[in-house]
$ cat my_file36.txt   # compact mmCIF, N, CA and C atoms
# COMPACT_ATOMS: atom_id res chain seq x y z
N MET K 221 0.86 -1.17 0.00
CA MET K 221 0.00 0.00 0.00
C MET K 221 0.90 1.23 0.00
N SER K 222 0.57 2.19 -0.80
CA SER K 222 1.37 3.41 -0.88
C SER K 222 1.07 4.31 0.31
N ALA K 223 2.00 5.23 0.59
CA ALA K 223 1.80 6.18 1.69
C ALA K 223 0.58 7.05 1.43
N GLU K 224 0.34 7.34 0.14
CA GLU K 224 -0.82 8.15 -0.23
C GLU K 224 -2.12 7.44 0.12
N ALA K 225 -2.18 6.14 -0.17
CA ALA K 225 -3.40 5.37 0.12
C ALA K 225 -3.62 5.23 1.62
N SER K 226 -2.53 5.04 2.39
CA SER K 226 -2.71 4.87 3.84
C SER K 226 -3.04 6.18 4.54
N ALA K 227 -2.78 7.32 3.90
CA ALA K 227 -3.06 8.62 4.51
C ALA K 227 -4.52 9.04 4.31
N ARG K 228 -5.23 8.38 3.43
CA ARG K 228 -6.64 8.73 3.19
C ARG K 228 -7.48 8.38 4.41
N PRO K 229 -8.38 9.27 4.79
CA PRO K 229 -9.26 8.94 5.92
C PRO K 229 -10.24 7.86 5.49
N GLU K 230 -10.62 7.03 6.46
CA GLU K 230 -11.61 6.00 6.18
C GLU K 230 -12.96 6.67 5.95
N PRO K 231 -13.77 6.14 5.04
CA PRO K 231 -15.09 6.74 4.82
C PRO K 231 -15.94 6.59 6.08
N ALA K 232 -16.76 7.59 6.34
CA ALA K 232 -17.64 7.56 7.51
C ALA K 232 -18.64 6.42 7.35
N ARG K 233 -18.88 5.73 8.44
CA ARG K 233 -19.87 4.66 8.41
C ARG K 233 -21.26 5.28 8.36
N PRO K 234 -22.15 4.67 7.57
CA PRO K 234 -23.51 5.22 7.55
C PRO K 234 -24.15 5.10 8.94
N VAL K 235 -25.00 6.03 9.26
CA VAL K 235 -25.67 6.03 10.56
C VAL K 235 -26.98 5.28 10.45
N SER K 236 -27.24 4.43 11.44
CA SER K 236 -28.55 3.79 11.52
C SER K 236 -29.07 3.97 12.93
N ILE K 237 -30.37 4.19 13.04
CA ILE K 237 -31.02 4.34 14.34
C ILE K 237 -32.17 3.35 14.38
N THR K 238 -32.14 2.47 15.38
CA THR K 238 -33.15 1.43 15.52
C THR K 238 -33.92 1.65 16.81
N ALA K 239 -35.23 1.76 16.70
CA ALA K 239 -36.08 1.90 17.89
C ALA K 239 -36.36 0.51 18.43
N CYS K 240 -35.87 0.23 19.62
CA CYS K 240 -36.10 -1.06 20.25
C CYS K 240 -37.50 -1.07 20.88
N PRO K 241 -38.25 -2.13 20.69
CA PRO K 241 -39.58 -2.19 21.31
C PRO K 241 -39.47 -2.04 22.82
N ASP K 242 -40.23 -1.15 23.40
CA ASP K 242 -40.25 -0.90 24.84
C ASP K 242 -38.87 -0.55 25.39
N GLY K 243 -38.01 0.04 24.56
CA GLY K 243 -36.66 0.36 25.02
C GLY K 243 -36.06 1.55 24.31
N PRO K 244 -34.73 1.61 24.29
CA PRO K 244 -34.03 2.79 23.78
C PRO K 244 -33.94 2.83 22.26
N LEU K 245 -33.31 3.90 21.77
CA LEU K 245 -32.93 4.01 20.37
C LEU K 245 -31.48 3.57 20.27
N LEU K 246 -31.20 2.55 19.45
CA LEU K 246 -29.83 2.11 19.24
C LEU K 246 -29.25 2.86 18.06
N VAL K 247 -28.13 3.52 18.28
CA VAL K 247 -27.48 4.34 17.25
C VAL K 247 -26.18 3.66 16.86
N ARG K 248 -26.02 3.41 15.56
CA ARG K 248 -24.79 2.82 15.03
C ARG K 248 -24.23 3.76 13.98
N GLY K 249 -22.91 3.95 13.98
CA GLY K 249 -22.28 4.82 13.01
C GLY K 249 -21.82 6.11 13.65
N GLU K 250 -21.24 6.97 12.84
CA GLU K 250 -20.71 8.24 13.35
C GLU K 250 -21.80 9.30 13.30
N LEU K 251 -22.15 9.81 14.45
CA LEU K 251 -23.23 10.78 14.58
C LEU K 251 -22.80 11.85 15.57
N ALA K 252 -22.98 13.11 15.20
CA ALA K 252 -22.70 14.20 16.13
C ALA K 252 -23.89 14.33 17.08
N LEU K 253 -23.60 14.37 18.37
CA LEU K 253 -24.64 14.43 19.39
C LEU K 253 -24.35 15.64 20.26
N PHE K 254 -25.38 16.47 20.53
CA PHE K 254 -25.22 17.71 21.29
C PHE K 254 -26.24 17.76 22.42
N ASP K 255 -25.85 18.40 23.54
CA ASP K 255 -26.79 18.56 24.65
C ASP K 255 -27.68 19.77 24.41
N ASP K 256 -28.53 20.09 25.38
CA ASP K 256 -29.48 21.19 25.21
C ASP K 256 -28.82 22.57 25.19
N HIS K 257 -27.51 22.64 25.48
CA HIS K 257 -26.77 23.91 25.41
C HIS K 257 -25.91 23.98 24.15
N GLY K 258 -26.03 22.97 23.29
CA GLY K 258 -25.25 22.95 22.06
C GLY K 258 -23.84 22.41 22.23
N GLU K 259 -23.54 21.88 23.41
CA GLU K 259 -22.22 21.31 23.66
C GLU K 259 -22.18 19.87 23.17
N PRO K 260 -21.05 19.46 22.56
CA PRO K 260 -20.98 18.08 22.07
C PRO K 260 -20.98 17.07 23.22
N VAL K 261 -21.65 15.96 22.99
CA VAL K 261 -21.71 14.85 23.94
C VAL K 261 -21.00 13.68 23.28
N GLN K 262 -20.03 13.11 23.97
CA GLN K 262 -19.26 12.00 23.43
C GLN K 262 -19.83 10.67 23.93
N PRO K 263 -20.31 9.80 23.03
CA PRO K 263 -20.86 8.53 23.47
C PRO K 263 -19.79 7.52 23.90
N ASN K 264 -18.53 7.69 23.45
CA ASN K 264 -17.42 6.79 23.80
C ASN K 264 -17.60 5.35 23.33
N ARG K 265 -18.51 5.13 22.41
CA ARG K 265 -18.72 3.81 21.81
C ARG K 265 -19.17 3.99 20.37
N ARG K 266 -18.95 2.98 19.55
CA ARG K 266 -19.43 3.04 18.16
C ARG K 266 -20.94 2.84 18.10
N THR K 267 -21.46 1.99 18.98
CA THR K 267 -22.90 1.77 19.07
C THR K 267 -23.32 2.19 20.47
N PHE K 268 -24.37 3.02 20.54
CA PHE K 268 -24.83 3.46 21.86
C PHE K 268 -26.35 3.52 21.86
N ALA K 269 -26.92 3.55 23.06
CA ALA K 269 -28.37 3.56 23.23
C ALA K 269 -28.80 4.90 23.82
N LEU K 270 -29.79 5.53 23.19
CA LEU K 270 -30.35 6.78 23.68
C LEU K 270 -31.66 6.49 24.42
N CYS K 271 -31.83 7.13 25.56
CA CYS K 271 -33.02 6.94 26.39
C CYS K 271 -34.26 7.49 25.68
N ARG K 272 -35.35 6.73 25.76
CA ARG K 272 -36.65 7.21 25.26
C ARG K 272 -37.66 7.36 26.38
N CYS K 273 -37.39 6.75 27.54
CA CYS K 273 -38.39 6.77 28.61
C CYS K 273 -38.26 7.99 29.51
N GLY K 274 -37.11 8.64 29.53
CA GLY K 274 -36.90 9.81 30.36
C GLY K 274 -36.47 9.50 31.78
N ALA K 275 -36.31 8.22 32.14
CA ALA K 275 -35.98 7.86 33.51
C ALA K 275 -34.49 7.57 33.73
N SER K 276 -33.70 7.58 32.69
CA SER K 276 -32.28 7.25 32.81
C SER K 276 -31.54 8.27 33.66
N ALA K 277 -30.62 7.79 34.48
CA ALA K 277 -29.78 8.67 35.30
C ALA K 277 -28.59 9.20 34.50
N ILE K 278 -28.37 8.66 33.31
CA ILE K 278 -27.23 9.09 32.49
C ILE K 278 -27.70 9.63 31.14
N ARG K 279 -28.87 10.29 31.14
CA ARG K 279 -29.40 10.85 29.89
C ARG K 279 -28.36 11.72 29.21
N PRO K 280 -28.26 11.69 27.92
CA PRO K 280 -29.22 11.15 26.96
C PRO K 280 -29.08 9.66 26.73
N PHE K 281 -28.16 9.01 27.44
CA PHE K 281 -27.93 7.59 27.21
C PHE K 281 -28.84 6.74 28.07
N CYS K 282 -29.09 5.53 27.62
CA CYS K 282 -29.95 4.58 28.32
C CYS K 282 -29.16 3.87 29.41
N ASP K 283 -29.78 3.68 30.59
CA ASP K 283 -29.16 2.89 31.65
C ASP K 283 -30.03 1.70 32.04
N GLY K 284 -31.05 1.40 31.24
CA GLY K 284 -31.93 0.27 31.52
C GLY K 284 -33.13 0.62 32.37
N SER K 285 -33.29 1.88 32.76
CA SER K 285 -34.40 2.29 33.63
C SER K 285 -35.76 2.02 33.01
N HIS K 286 -35.84 1.93 31.69
CA HIS K 286 -37.14 1.69 31.03
C HIS K 286 -37.78 0.40 31.54
N LYS K 287 -36.96 -0.57 31.93
CA LYS K 287 -37.51 -1.83 32.46
C LYS K 287 -38.12 -1.61 33.84
N LEU K 288 -37.47 -0.78 34.66
CA LEU K 288 -37.96 -0.53 36.02
C LEU K 288 -39.24 0.28 36.03
N VAL K 289 -39.37 1.23 35.09
CA VAL K 289 -40.54 2.11 35.09
C VAL K 289 -41.68 1.57 34.21
N GLY K 290 -41.45 0.44 33.55
CA GLY K 290 -42.50 -0.16 32.73
C GLY K 290 -42.78 0.60 31.45
N PHE K 291 -41.75 1.23 30.88
CA PHE K 291 -41.91 1.99 29.63
C PHE K 291 -42.41 1.07 28.52
N ARG K 292 -43.44 1.50 27.80
CA ARG K 292 -44.00 0.72 26.70
C ARG K 292 -44.15 1.61 25.47
N THR K 293 -43.90 1.03 24.33
CA THR K 293 -44.10 1.72 23.05
C THR K 293 -45.19 1.01 22.28
N THR K 294 -45.74 1.71 21.34
CA THR K 294 -46.72 1.10 20.45
C THR K 294 -46.14 1.12 19.06
N ALA K 295 -46.60 0.23 18.22
CA ALA K 295 -46.10 0.18 16.85
C ALA K 295 -46.51 1.47 16.13
N PRO K 296 -45.58 2.07 15.37
CA PRO K 296 -45.93 3.29 14.64
C PRO K 296 -46.89 2.97 13.50
N ALA K 297 -47.68 3.96 13.14
CA ALA K 297 -48.59 3.81 12.00
C ALA K 297 -47.77 3.68 10.73
N GLN K 298 -48.23 2.89 9.81
CA GLN K 298 -47.55 2.76 8.52
C GLN K 298 -47.74 4.05 7.74
N THR K 299 -46.64 4.64 7.32
CA THR K 299 -46.69 5.83 6.49
C THR K 299 -45.83 5.60 5.27
N PRO K 300 -46.18 6.22 4.16
CA PRO K 300 -45.36 6.02 2.96
C PRO K 300 -44.00 6.69 3.14
N ALA K 301 -42.99 6.11 2.50
CA ALA K 301 -41.65 6.68 2.56
C ALA K 301 -41.64 8.02 1.83
N VAL K 302 -40.84 8.93 2.31
CA VAL K 302 -40.69 10.25 1.68
C VAL K 302 -39.28 10.31 1.13
N THR K 303 -39.16 10.65 -0.13
CA THR K 303 -37.84 10.79 -0.73
C THR K 303 -37.72 12.18 -1.31
N PHE K 304 -36.51 12.65 -1.40
CA PHE K 304 -36.24 13.97 -1.93
C PHE K 304 -35.32 13.85 -3.12
N GLU K 305 -35.66 14.51 -4.20
CA GLU K 305 -34.83 14.51 -5.39
C GLU K 305 -33.78 15.60 -5.26
N ALA K 306 -32.56 15.29 -5.64
CA ALA K 306 -31.50 16.31 -5.62
C ALA K 306 -31.85 17.39 -6.65
N ASN K 307 -31.63 18.63 -6.28
CA ASN K 307 -31.88 19.79 -7.15
C ASN K 307 -33.35 19.98 -7.50
N ALA K 308 -34.25 19.39 -6.74
CA ALA K 308 -35.68 19.58 -7.00
C ALA K 308 -36.09 20.97 -6.52
N PRO K 309 -36.98 21.65 -7.23
CA PRO K 309 -37.42 22.98 -6.78
C PRO K 309 -38.21 22.86 -5.48
N VAL K 310 -38.04 23.83 -4.62
CA VAL K 310 -38.75 23.86 -3.34
C VAL K 310 -40.06 24.58 -3.53
N GLN K 311 -41.15 23.93 -3.08
CA GLN K 311 -42.46 24.56 -3.19
C GLN K 311 -42.69 25.43 -1.96
N GLU K 312 -43.16 26.63 -2.19
CA GLU K 312 -43.42 27.55 -1.07
C GLU K 312 -44.89 27.80 -0.92
$ encode --input "my_file36.txt" --output "structure tokens"
Amino acid sequence: MSAEASARPEPARPVSITACPDGPLLVRGELALFDDHGEPVQPNRRTFALCRCGASAIRPFCDGSHKLVGFRTTAPAQTPAVTFEANAPVQE
């Protein structure tokens, strides 16, 4: 491998967010996360869980409190996918 090839940064991993039934949001990939003051929050892991129940002691991250408080989710309504065309005119 040439020095030029080894100096290239690795491409960013795509971000995926999975809503766990009755639990947190699992985030995989590189994602910028900020607190309510606009300060960056470091997850310190490649995959991390965000609290959805509001009971976590380490918010915005999940600590498993959803199990203790009996947090429950319902299945979302089916909605059609929305896609955006590049360079499409914006309707006002």
$ residues_around --input "my_file36.txt" --residues "His286 (chain K)" --least-positions-apart "5" --cutoff "7 Å" --atoms "all atoms listed in the file" --output "VMD selection string"
chain K and resid 242 to 243 273 275 to 276 291 to 292
$ closest_residue --input "my_file36.txt" --among "K:Gln298, K:Ile237, K:Pro260, K:Phe268" --to "Phe281 (chain K)" --atoms "all atoms listed in the file"
K:Phe268
$ atom_distance --input "my_file36.txt" --atom1 "CA of Arg272 (chain K)" --atom2 "CA of Ser236 (chain K)"
16.3 Å
$ atom_distance --input "my_file36.txt" --atom1 "atom C of Cys271 (chain K)" --atom2 "CA of Pro300 (chain K)"
25.3 Å
$ closest_residue --input "my_file36.txt" --among "K:Pro241, K:Gly290, K:Pro234, K:Gly249" --to "Arg266 (chain K)" --atoms "only N, CA and C atoms"
K:Gly249
$ atom_distance --input "my_file36.txt" --atom1 "CA of Arg248 (chain K)" --atom2 "atom N of Val261 (chain K)"
15.7 Å
$ closest_residue --input "my_file36.txt" --among "K:Leu245, K:Ala297, K:Gln262, K:Leu251" --to "Asp283 (chain K)" --atoms "only C-alpha atoms"
K:Leu245
$ closest_residue --input "my_file36.txt" --among "K:Ala301, K:Leu288, K:Leu246, K:Cys240" --to "Pro263 (chain K)" --atoms "only C-alpha atoms"
K:Leu246
